[in-house]
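The next block is upload-v4.txt, given as compact mmCIF, C-alpha atoms.
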# COMPACT_ATOMS: atom_id res chain seq x y z
CA MET A 1 10.01 14.71 -97.41
CA ALA A 2 12.18 13.21 -99.85
CA ALA A 3 15.07 13.64 -97.47
CA THR A 4 13.35 11.69 -94.78
CA ILE A 5 12.54 8.93 -97.15
CA THR A 6 16.14 8.67 -98.16
CA LEU A 7 17.26 8.62 -94.61
CA LEU A 8 14.81 5.92 -93.88
CA ALA A 9 15.88 3.92 -96.86
CA ALA A 10 19.54 4.19 -95.84
CA THR A 11 18.83 3.06 -92.31
CA GLU A 12 16.56 0.31 -93.48
CA GLY A 13 19.50 -1.65 -94.75
CA GLU A 14 20.72 -1.94 -91.23
CA VAL A 15 17.88 -3.19 -89.18
CA HIS A 16 18.49 -2.65 -85.52
CA ASN A 17 16.30 -4.41 -82.93
CA PRO A 18 15.52 -2.00 -80.08
CA LEU A 19 15.05 -4.86 -77.58
CA LEU A 20 18.47 -6.38 -78.19
CA PRO A 21 21.43 -4.41 -76.85
CA ALA A 22 24.62 -3.92 -78.76
CA THR A 23 27.19 -6.74 -78.76
CA TYR A 24 29.81 -4.84 -76.77
CA ASP A 25 27.17 -4.17 -74.06
CA ILE A 26 26.41 -7.87 -73.83
CA VAL A 27 30.13 -8.80 -73.60
CA TRP A 28 30.85 -6.22 -70.90
CA SER A 29 27.71 -7.23 -69.00
CA ILE A 30 28.82 -10.89 -69.06
CA VAL A 31 32.32 -9.92 -67.86
CA CYS A 32 30.85 -7.85 -65.03
CA LEU A 33 28.46 -10.64 -64.13
CA VAL A 34 31.30 -13.20 -64.01
CA VAL A 35 33.46 -10.87 -61.86
CA VAL A 36 30.58 -10.15 -59.46
CA GLY A 37 29.70 -13.87 -59.41
CA LEU A 38 33.32 -14.84 -58.66
CA VAL A 39 33.57 -12.22 -55.86
CA PHE A 40 30.24 -13.35 -54.45
CA TRP A 41 31.19 -17.03 -54.71
CA LYS A 42 34.70 -16.51 -53.29
CA PHE A 43 34.00 -14.05 -50.46
CA VAL A 44 30.33 -13.49 -49.73
CA LEU A 45 29.03 -17.04 -50.02
CA PRO A 46 31.61 -18.55 -47.59
CA MET A 47 30.90 -15.82 -45.03
CA PHE A 48 27.17 -16.37 -45.47
CA GLN A 49 27.62 -20.15 -45.03
CA LYS A 50 29.81 -19.56 -41.98
CA VAL A 51 27.16 -17.33 -40.37
CA LEU A 52 24.46 -19.88 -41.21
CA ALA A 53 26.56 -22.70 -39.76
CA GLU A 54 27.14 -20.72 -36.53
CA ARG A 55 23.49 -19.92 -36.21
CA THR A 56 22.60 -23.55 -36.88
CA GLU A 57 25.03 -24.66 -34.16
CA GLN A 58 23.64 -22.06 -31.76
CA ILE A 59 20.07 -23.10 -32.48
CA GLU A 60 20.91 -26.80 -32.17
CA GLY A 61 22.87 -26.11 -28.99
CA GLY A 62 19.98 -24.07 -27.62
CA ILE A 63 17.56 -26.83 -28.49
CA LYS A 64 19.85 -29.39 -26.88
CA LYS A 65 20.19 -27.25 -23.75
CA ALA A 66 16.43 -26.75 -23.65
CA GLU A 67 15.89 -30.49 -23.97
CA GLU A 68 18.41 -31.13 -21.19
CA ALA A 69 16.78 -28.47 -19.01
CA GLN A 70 13.39 -29.96 -19.74
CA ALA A 71 14.68 -33.45 -18.84
CA GLU A 72 16.18 -32.08 -15.61
CA ALA A 73 12.93 -30.31 -14.80
CA LYS A 74 11.02 -33.52 -15.48
CA ASP A 75 13.38 -35.47 -13.20
CA ALA A 76 13.05 -32.80 -10.50
CA LEU A 77 9.26 -32.93 -10.83
CA GLU A 78 9.28 -36.72 -10.50
CA GLN A 79 11.54 -36.48 -7.45
CA TYR A 80 9.25 -33.84 -5.96
CA ARG A 81 6.21 -36.01 -6.57
CA ALA A 82 7.96 -39.03 -5.06
CA GLN A 83 8.97 -37.01 -2.00
CA LEU A 84 5.47 -35.63 -1.71
CA ALA A 85 3.98 -39.11 -1.89
CA GLU A 86 6.50 -40.34 0.67
CA ALA A 87 5.70 -37.40 2.96
CA ARG A 88 1.98 -38.09 2.65
CA THR A 89 2.53 -41.75 3.44
CA GLU A 90 4.69 -40.86 6.41
CA ALA A 91 2.11 -38.32 7.64
CA ALA A 92 -0.62 -40.96 7.37
CA GLN A 93 1.52 -43.41 9.35
CA ILE A 94 2.21 -40.78 12.02
CA ARG A 95 -1.51 -39.95 12.26
CA GLU A 96 -2.35 -43.65 12.54
CA GLU A 97 0.30 -44.18 15.22
CA ALA A 98 -0.96 -41.15 17.13
CA ARG A 99 -4.53 -42.42 16.90
CA VAL A 100 -3.49 -45.87 18.13
CA GLN A 101 -1.43 -44.35 20.94
CA GLY A 102 -4.34 -42.09 21.88
CA GLN A 103 -6.69 -45.05 22.02
CA GLN A 104 -4.15 -47.00 24.09
CA ILE A 105 -3.74 -44.07 26.49
CA ILE A 106 -7.51 -43.73 26.81
CA ALA A 107 -7.85 -47.47 27.44
CA ASP A 108 -5.05 -47.36 30.04
CA MET A 109 -6.63 -44.36 31.74
CA LYS A 110 -10.01 -46.14 31.81
CA VAL A 111 -8.41 -49.21 33.37
CA GLN A 112 -6.58 -47.07 35.93
CA ALA A 113 -9.75 -45.12 36.69
CA GLN A 114 -11.74 -48.34 37.07
CA ASP A 115 -9.04 -49.83 39.34
CA GLU A 116 -8.96 -46.65 41.43
CA SER A 117 -12.76 -46.59 41.57
CA ASP A 118 -12.85 -50.26 42.62
CA ARG A 119 -10.20 -49.61 45.27
CA ILE A 120 -12.07 -46.58 46.63
CA VAL A 121 -15.37 -48.49 46.66
CA ALA A 122 -13.73 -51.47 48.35
CA ALA A 123 -12.06 -49.22 50.94
CA GLY A 124 -15.37 -47.40 51.54
CA HIS A 125 -17.23 -50.70 51.80
CA SER A 126 -14.74 -52.17 54.25
CA GLN A 127 -14.78 -48.94 56.27
CA LEU A 128 -18.60 -48.99 56.22
CA VAL A 129 -18.66 -52.63 57.35
CA ALA A 130 -16.18 -51.83 60.14
CA GLN A 131 -18.19 -48.81 61.26
CA ARG A 132 -21.43 -50.82 61.12
CA GLN A 133 -19.85 -53.58 63.18
CA GLN A 134 -18.56 -51.03 65.68
CA ILE A 135 -21.96 -49.33 65.91
CA VAL A 136 -23.75 -52.66 66.25
CA THR A 137 -21.33 -53.66 69.00
CA GLU A 138 -21.78 -50.34 70.80
CA LEU A 139 -25.57 -50.50 70.41
CA ARG A 140 -25.68 -54.06 71.70
CA SER A 141 -23.62 -53.06 74.67
CA ASP A 142 -25.78 -50.00 75.38
CA LEU A 143 -29.00 -51.90 74.68
CA GLY A 144 -27.83 -54.71 76.91
CA LYS A 145 -27.15 -52.34 79.77
CA THR A 146 -30.43 -50.58 79.26
CA ALA A 147 -32.30 -53.91 79.06
CA VAL A 148 -30.62 -55.13 82.27
CA ASP A 149 -31.46 -51.88 84.04
CA LEU A 150 -35.07 -52.12 82.92
CA ALA A 151 -35.26 -55.76 83.80
CA GLU A 152 -33.90 -55.03 87.27
CA LYS A 153 -36.51 -52.34 87.71
CA VAL A 154 -39.32 -54.55 86.44
CA ILE A 155 -38.24 -57.62 88.35
CA GLY A 156 -37.03 -55.71 91.29
CA GLU A 157 -33.97 -57.78 91.85
CA SER A 158 -30.42 -57.44 90.78
CA LEU A 159 -29.10 -59.30 87.80
CA ALA A 160 -25.51 -59.15 88.87
CA ASP A 161 -24.44 -62.39 87.39
CA ASP A 162 -22.61 -61.48 84.17
CA VAL A 163 -23.19 -64.87 82.58
CA LYS A 164 -26.94 -64.69 83.07
CA ARG A 165 -27.03 -61.13 82.01
CA ALA A 166 -24.99 -61.82 78.81
CA GLY A 167 -27.26 -64.77 77.93
CA THR A 168 -30.40 -62.72 78.48
CA VAL A 169 -29.04 -59.80 76.45
CA ASP A 170 -27.94 -62.05 73.58
CA ARG A 171 -31.31 -63.82 73.47
CA PHE A 172 -33.14 -60.48 73.46
CA LEU A 173 -30.95 -59.08 70.68
CA ASN A 174 -31.38 -62.21 68.56
CA GLU A 175 -35.14 -61.93 68.90
CA LEU A 176 -34.90 -58.26 67.98
CA ASP A 177 -32.79 -59.07 64.90
CA ALA A 178 -35.27 -61.71 63.81
CA VAL A 179 -38.15 -59.26 64.11
CA SER A 180 -36.28 -56.57 62.14
CA VAL A 181 -35.31 -59.07 59.37
CA ASP A 182 -38.94 -60.24 59.06
CA SER A 183 -40.23 -56.68 58.85
CA ALA A 184 -37.56 -55.77 56.22
CA ARG A 185 -38.64 -58.75 54.03
CA LYS A 186 -42.29 -57.69 54.05

Encoded form (structure tokens):
Amino acid sequence: MAATITLLAATEGEVHNPLLPATYDIVWSIVCLVVVGLVFWKFVLPMFQKVLAERTEQIEGGIKKAEEAQAEAKDALEQYRAQLAEARTEAAQIREEARVQGQQIIADMKVQAQDESDRIVAAGHSQLVAQRQQIVTELRSDLGKTAVDLAEKVIGESLADDVKRAGTVDRFLNELDAVSVDSARK
């Protein structure tokens, strides 16, 4: 035990802190740190900054391209909307023109149909009047002959005089017309 105490007493004169390294370790550590720092500062840091600068340029360029593409897309969308609005307006105008033309065609066809109907009615009426006049003339002639024949038989003498016969026939027909007009009014 005494030996240990002596050893302890001899080492106690030199107090060594276990947390603090030896001076030569500190010097060599500082030298290594400076060398590594210089290498890092001289070679690694510029390359790192160069890579960062390139990436920054690429990102900014990508953002710029995206903004340009977005602006182009926005312009294209506005043009599309303008064209769509123009097409809708044009379609509405075409529909309106077609509707107006359709109404005009219908009106023209109605006028033509009415004119044709009026012409057909007028032609039928004039034909009817002509046929009626022809029938009345034929009936008067036949009735006149029949009346003269009956009158000759009743009277027993000949009514050869055309003037007398025509006057008698006309008077008889006028009386007959008057009777038929009076009966039609009642």

Inset, instruction - In Å, rounded to a single decimal, give me how far atom CA of A:Phe40 is from atom CA of A:Ala22. - result: 26.7 Å

Return as lines of an AutoDock Vina configuration file the centre and edge lengths, in Å with one decimal, of the box along x, y and z that encloses every atom of stretch 101-108 of chain A in the file, padded by 4 Å per side.
center_x = -4.6
center_y = -44.8
center_z = 25.5
size_x = 14.4
size_y = 13.4
size_z = 17.1

Legend entry - Distance in Å - atom CA of A:Thr23 versus atom CA of A:Leu38: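 Pair atom CA of A:Thr23 / atom CA of A:Leu38 returns 22.5 Å.
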
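In this model, the gap between atom CA of A:Ser141 and atom CA of A:Asp170 comes to 10.0 Å.
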